[in-house]
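Data file: model.pdb. Format and content: PDB, C-alpha atoms.
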ATOM      1  CA  MET A   1     166.209 309.139 179.238  1.00  0.00           C
ATOM      2  CA  ASN A   2     169.296 307.166 180.230  1.00  0.00           C
ATOM      3  CA  LYS A   3     172.822 308.470 179.673  1.00  0.00           C
ATOM      4  CA  ILE A   4     173.629 306.149 176.756  1.00  0.00           C
ATOM      5  CA  ALA A   5     170.408 307.061 174.961  1.00  0.00           C
ATOM      6  CA  GLU A   6     171.106 310.734 175.497  1.00  0.00           C
ATOM      7  CA  PHE A   7     174.726 310.359 174.328  1.00  0.00           C
ATOM      8  CA  ILE A   8     173.761 308.535 171.122  1.00  0.00           C
ATOM      9  CA  LYS A   9     170.948 310.926 170.254  1.00  0.00           C
ATOM     10  CA  THR A  10     173.026 314.046 170.918  1.00  0.00           C
ATOM     11  CA  ASN A  11     176.078 312.821 169.007  1.00  0.00           C
ATOM     12  CA  ARG A  12     174.013 311.503 166.107  1.00  0.00           C
ATOM     13  CA  ARG A  13     172.354 314.887 165.725  1.00  0.00           C
ATOM     14  CA  GLU A  14     175.683 316.731 166.024  1.00  0.00           C
ATOM     15  CA  ALA A  15     177.007 314.504 163.240  1.00  0.00           C
ATOM     16  CA  GLY A  16     174.070 315.638 161.112  1.00  0.00           C
ATOM     17  CA  LEU A  17     172.624 312.139 160.785  1.00  0.00           C
ATOM     18  CA  THR A  18     168.996 311.084 160.824  1.00  0.00           C
ATOM     19  CA  GLN A  19     168.116 307.918 162.712  1.00  0.00           C
ATOM     20  CA  GLN A  20     167.839 306.122 159.379  1.00  0.00           C
ATOM     21  CA  GLU A  21     171.253 307.325 158.195  1.00  0.00           C
ATOM     22  CA  PHE A  22     172.819 306.353 161.523  1.00  0.00           C
ATOM     23  CA  ALA A  23     171.231 302.903 161.309  1.00  0.00           C
ATOM     24  CA  MET A  24     172.546 302.369 157.785  1.00  0.00           C
ATOM     25  CA  ARG A  25     176.090 303.546 158.580  1.00  0.00           C
ATOM     26  CA  SER A  26     176.341 301.507 161.782  1.00  0.00           C
ATOM     27  CA  GLY A  27     174.745 298.379 160.326  1.00  0.00           C
ATOM     28  CA  LEU A  28     172.011 298.463 162.966  1.00  0.00           C
ATOM     29  CA  GLY A  29     168.293 298.340 162.349  1.00  0.00           C
ATOM     30  CA  LEU A  30     166.238 301.519 162.408  1.00  0.00           C
ATOM     31  CA  ARG A  31     163.924 300.004 165.015  1.00  0.00           C
ATOM     32  CA  PHE A  32     166.894 299.308 167.295  1.00  0.00           C
ATOM     33  CA  VAL A  33     168.205 302.874 166.932  1.00  0.00           C
ATOM     34  CA  ARG A  34     164.782 304.268 167.800  1.00  0.00           C
ATOM     35  CA  GLU A  35     164.415 302.014 170.838  1.00  0.00           C
ATOM     36  CA  LEU A  36     167.953 302.811 171.984  1.00  0.00           C
ATOM     37  CA  GLU A  37     167.360 306.552 171.785  1.00  0.00           C
ATOM     38  CA  GLN A  38     164.080 306.151 173.665  1.00  0.00           C
ATOM     39  CA  GLY A  39     165.985 304.494 176.509  1.00  0.00           C
ATOM     40  CA  LYS A  40     164.506 301.010 176.190  1.00  0.00           C
ATOM     41  CA  GLU A  41     166.221 298.927 178.858  1.00  0.00           C
ATOM     42  CA  THR A  42     166.079 295.564 177.075  1.00  0.00           C
ATOM     43  CA  VAL A  43     168.350 296.395 174.135  1.00  0.00           C
ATOM     44  CA  ARG A  44     171.283 294.066 173.456  1.00  0.00           C
ATOM     45  CA  MET A  45     174.650 295.230 174.795  1.00  0.00           C
ATOM     46  CA  ASP A  46     176.546 294.056 171.723  1.00  0.00           C
ATOM     47  CA  LYS A  47     174.377 296.321 169.571  1.00  0.00           C
ATOM     48  CA  VAL A  48     174.688 299.185 172.067  1.00  0.00           C
ATOM     49  CA  ASN A  49     178.467 298.888 171.729  1.00  0.00           C
ATOM     50  CA  ILE A  50     178.189 298.984 167.923  1.00  0.00           C
ATOM     51  CA  ALA A  51     176.244 302.245 168.204  1.00  0.00           C
ATOM     52  CA  LEU A  52     178.709 303.683 170.733  1.00  0.00           C
ATOM     53  CA  ALA A  53     181.664 302.650 168.558  1.00  0.00           C
ATOM     54  CA  MET A  54     180.426 305.087 165.914  1.00  0.00           C
ATOM     55  CA  PHE A  55     181.591 307.802 168.342  1.00  0.00           C
ATOM     56  CA  GLY A  56     184.699 306.043 169.653  1.00  0.00           C
ATOM     57  CA  MET A  57     183.037 304.847 172.864  1.00  0.00           C
ATOM     58  CA  GLU A  58     182.231 301.498 174.507  1.00  0.00           C
ATOM     59  CA  ALA A  59     179.945 300.539 177.378  1.00  0.00           C
ATOM     60  CA  VAL A  60     181.606 298.640 180.207  1.00  0.00           C
ATOM     61  CA  PRO A  61     179.015 296.628 182.174  1.00  0.00           C
ATOM     62  CA  GLY A  62     179.106 297.182 185.906  1.00  0.00           C
ATOM     63  CA  LYS A  63     181.389 300.196 185.763  1.00  0.00           C
ATOM     64  CA  TYR A  64     179.924 303.519 186.816  1.00  0.00           C
ATOM     65  CA  THR A  65     182.019 306.640 187.130  1.00  0.00           C
ATOM     66  CA  GLY A  66     179.393 309.083 188.382  1.00  0.00           C
ATOM     67  CA  LYS A  67     179.462 311.015 191.642  1.00  0.00           C
ATOM     68  CA  ASP A  68     177.933 308.100 193.573  1.00  0.00           C
ATOM     69  CA  SER A  69     181.027 305.962 193.010  1.00  0.00           C
ATOM     70  CA  GLU A  70     183.463 308.249 194.832  1.00  0.00           C
TER      71      GLU A  70
END
Kindly return the structure encoded in the file as structure tokens.
Amino acid sequence: MNKIAEFIKTNRREAGLTQQEFAMRSGLGLRFVRELEQGKETVRMDKVNIALAMFGMEAVPGKYTGKDSE
């Protein structure tokens, strides 16, 4: 599972939301939420950012801050 998928799934669960509740609150489709949490690589970035915004985060394309970037 990729880091964004893991982040969304973990934070959604910590917020006590089902996938359906998260989809409704974020304005995203349930299918998209499921695919995002499964780590599907062809999801749209604008929708990924909507999901991340629910937790005060945003994806920045091309920017990686892991150990490999030191």
Residue members of the PyMOL selection byres ((chain A and resi 47) around 10) in the file shown, as a list of chain:residue names
A:Ser26, A:Gly27, A:Leu28, A:Gly29, A:Phe32, A:Val33, A:Leu36, A:Val43, A:Arg44, A:Met45, A:Asp46, A:Val48, A:Asn49, A:Ile50, A:Ala51, A:Leu52, A:Ala53
So what do you get for CA of Gly39 (chain A) versus CA of Thr10 (chain A), distance-wise?
13.1 Å
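With distances taken over all atoms listed in the file, A:Gln19 is the one residue among A:Lys3, A:Gln19, A:Met54, A:Ile8 lying closest to Arg31 (chain A).
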Can you list, as number ranges by chain, every protein, DNA or RNA residue that comes within 10 Å of Lys40 (chain A) when you count all atoms listed in the file, leaving out same-chain residues fewer than 4 positions away?
A: 1-2, 5, 32, 34-36
Could you please fill out region 33-59 of chain A with N, CA and C atoms and send it back as a PDB file, in the coordinates of the input?
ATOM      1  N   VAL A  33     167.731 301.508 166.672  1.00  0.00           N
ATOM      2  CA  VAL A  33     168.205 302.874 166.932  1.00  0.00           C
ATOM      3  C   VAL A  33     167.119 303.672 167.640  1.00  0.00           C
ATOM      4  N   ARG A  34     165.886 303.549 167.166  1.00  0.00           N
ATOM      5  CA  ARG A  34     164.782 304.268 167.800  1.00  0.00           C
ATOM      6  C   ARG A  34     164.594 303.832 169.250  1.00  0.00           C
ATOM      7  N   GLU A  35     164.599 302.524 169.478  1.00  0.00           N
ATOM      8  CA  GLU A  35     164.415 302.014 170.838  1.00  0.00           C
ATOM      9  C   GLU A  35     165.574 302.419 171.746  1.00  0.00           C
ATOM     10  N   LEU A  36     166.779 302.406 171.208  1.00  0.00           N
ATOM     11  CA  LEU A  36     167.953 302.811 171.984  1.00  0.00           C
ATOM     12  C   LEU A  36     167.834 304.268 172.411  1.00  0.00           C
ATOM     13  N   GLU A  37     167.478 305.133 171.475  1.00  0.00           N
ATOM     14  CA  GLU A  37     167.360 306.552 171.785  1.00  0.00           C
ATOM     15  C   GLU A  37     166.185 306.858 172.714  1.00  0.00           C
ATOM     16  N   GLN A  38     165.210 305.978 172.755  1.00  0.00           N
ATOM     17  CA  GLN A  38     164.080 306.151 173.665  1.00  0.00           C
ATOM     18  C   GLN A  38     164.399 305.611 175.057  1.00  0.00           C
ATOM     19  N   GLY A  39     165.564 304.985 175.202  1.00  0.00           N
ATOM     20  CA  GLY A  39     165.985 304.494 176.509  1.00  0.00           C
ATOM     21  C   GLY A  39     165.441 303.136 176.886  1.00  0.00           C
ATOM     22  N   LYS A  40     165.019 302.348 175.900  1.00  0.00           N
ATOM     23  CA  LYS A  40     164.506 301.010 176.190  1.00  0.00           C
ATOM     24  C   LYS A  40     165.593 300.206 176.910  1.00  0.00           C
ATOM     25  N   GLU A  41     165.229 299.596 178.015  1.00  0.00           N
ATOM     26  CA  GLU A  41     166.221 298.927 178.858  1.00  0.00           C
ATOM     27  C   GLU A  41     166.558 297.506 178.424  1.00  0.00           C
ATOM     28  N   THR A  42     165.832 296.946 177.463  1.00  0.00           N
ATOM     29  CA  THR A  42     166.079 295.564 177.075  1.00  0.00           C
ATOM     30  C   THR A  42     166.855 295.427 175.769  1.00  0.00           C
ATOM     31  N   VAL A  43     167.552 296.481 175.358  1.00  0.00           N
ATOM     32  CA  VAL A  43     168.350 296.395 174.135  1.00  0.00           C
ATOM     33  C   VAL A  43     169.591 295.552 174.387  1.00  0.00           C
ATOM     34  N   ARG A  44     170.106 294.937 173.334  1.00  0.00           N
ATOM     35  CA  ARG A  44     171.283 294.066 173.456  1.00  0.00           C
ATOM     36  C   ARG A  44     172.566 294.887 173.585  1.00  0.00           C
ATOM     37  N   MET A  45     173.398 294.506 174.546  1.00  0.00           N
ATOM     38  CA  MET A  45     174.650 295.230 174.795  1.00  0.00           C
ATOM     39  C   MET A  45     175.593 295.206 173.601  1.00  0.00           C
ATOM     40  N   ASP A  46     175.641 294.103 172.874  1.00  0.00           N
ATOM     41  CA  ASP A  46     176.546 294.056 171.723  1.00  0.00           C
ATOM     42  C   ASP A  46     176.140 295.114 170.688  1.00  0.00           C
ATOM     43  N   LYS A  47     174.840 295.306 170.512  1.00  0.00           N
ATOM     44  CA  LYS A  47     174.377 296.321 169.571  1.00  0.00           C
ATOM     45  C   LYS A  47     174.574 297.733 170.131  1.00  0.00           C
ATOM     46  N   VAL A  48     174.425 297.884 171.432  1.00  0.00           N
ATOM     47  CA  VAL A  48     174.688 299.185 172.067  1.00  0.00           C
ATOM     48  C   VAL A  48     176.141 299.568 171.807  1.00  0.00           C
ATOM     49  N   ASN A  49     177.048 298.608 171.954  1.00  0.00           N
ATOM     50  CA  ASN A  49     178.467 298.888 171.729  1.00  0.00           C
ATOM     51  C   ASN A  49     178.764 299.219 170.267  1.00  0.00           C
ATOM     52  N   ILE A  50     178.021 298.634 169.338  1.00  0.00           N
ATOM     53  CA  ILE A  50     178.189 298.984 167.923  1.00  0.00           C
ATOM     54  C   ILE A  50     177.810 300.448 167.723  1.00  0.00           C
ATOM     55  N   ALA A  51     176.684 300.846 168.325  1.00  0.00           N
ATOM     56  CA  ALA A  51     176.244 302.245 168.204  1.00  0.00           C
ATOM     57  C   ALA A  51     177.254 303.183 168.852  1.00  0.00           C
ATOM     58  N   LEU A  52     177.731 302.842 170.036  1.00  0.00           N
ATOM     59  CA  LEU A  52     178.709 303.683 170.733  1.00  0.00           C
ATOM     60  C   LEU A  52     180.035 303.765 169.972  1.00  0.00           C
ATOM     61  N   ALA A  53     180.406 302.677 169.310  1.00  0.00           N
ATOM     62  CA  ALA A  53     181.664 302.650 168.558  1.00  0.00           C
ATOM     63  C   ALA A  53     181.673 303.671 167.428  1.00  0.00           C
ATOM     64  N   MET A  54     180.504 304.056 166.961  1.00  0.00           N
ATOM     65  CA  MET A  54     180.426 305.087 165.914  1.00  0.00           C
ATOM     66  C   MET A  54     181.008 306.411 166.411  1.00  0.00           C
ATOM     67  N   PHE A  55     181.061 306.576 167.735  1.00  0.00           N
ATOM     68  CA  PHE A  55     181.591 307.802 168.342  1.00  0.00           C
ATOM     69  C   PHE A  55     182.819 307.516 169.204  1.00  0.00           C
ATOM     70  N   GLY A  56     183.469 306.380 168.954  1.00  0.00           N
ATOM     71  CA  GLY A  56     184.699 306.043 169.653  1.00  0.00           C
ATOM     72  C   GLY A  56     184.515 305.672 171.113  1.00  0.00           C
ATOM     73  N   MET A  57     183.326 305.193 171.471  1.00  0.00           N
ATOM     74  CA  MET A  57     183.037 304.847 172.864  1.00  0.00           C
ATOM     75  C   MET A  57     182.641 303.379 172.982  1.00  0.00           C
ATOM     76  N   GLU A  58     182.651 302.865 174.230  1.00  0.00           N
ATOM     77  CA  GLU A  58     182.231 301.498 174.507  1.00  0.00           C
ATOM     78  C   GLU A  58     181.639 301.453 175.903  1.00  0.00           C
ATOM     79  N   ALA A  59     180.556 300.713 176.059  1.00  0.00           N
ATOM     80  CA  ALA A  59     179.945 300.539 177.378  1.00  0.00           C
ATOM     81  C   ALA A  59     180.680 299.422 178.112  1.00  0.00           C
TER      82      ALA A  59
END
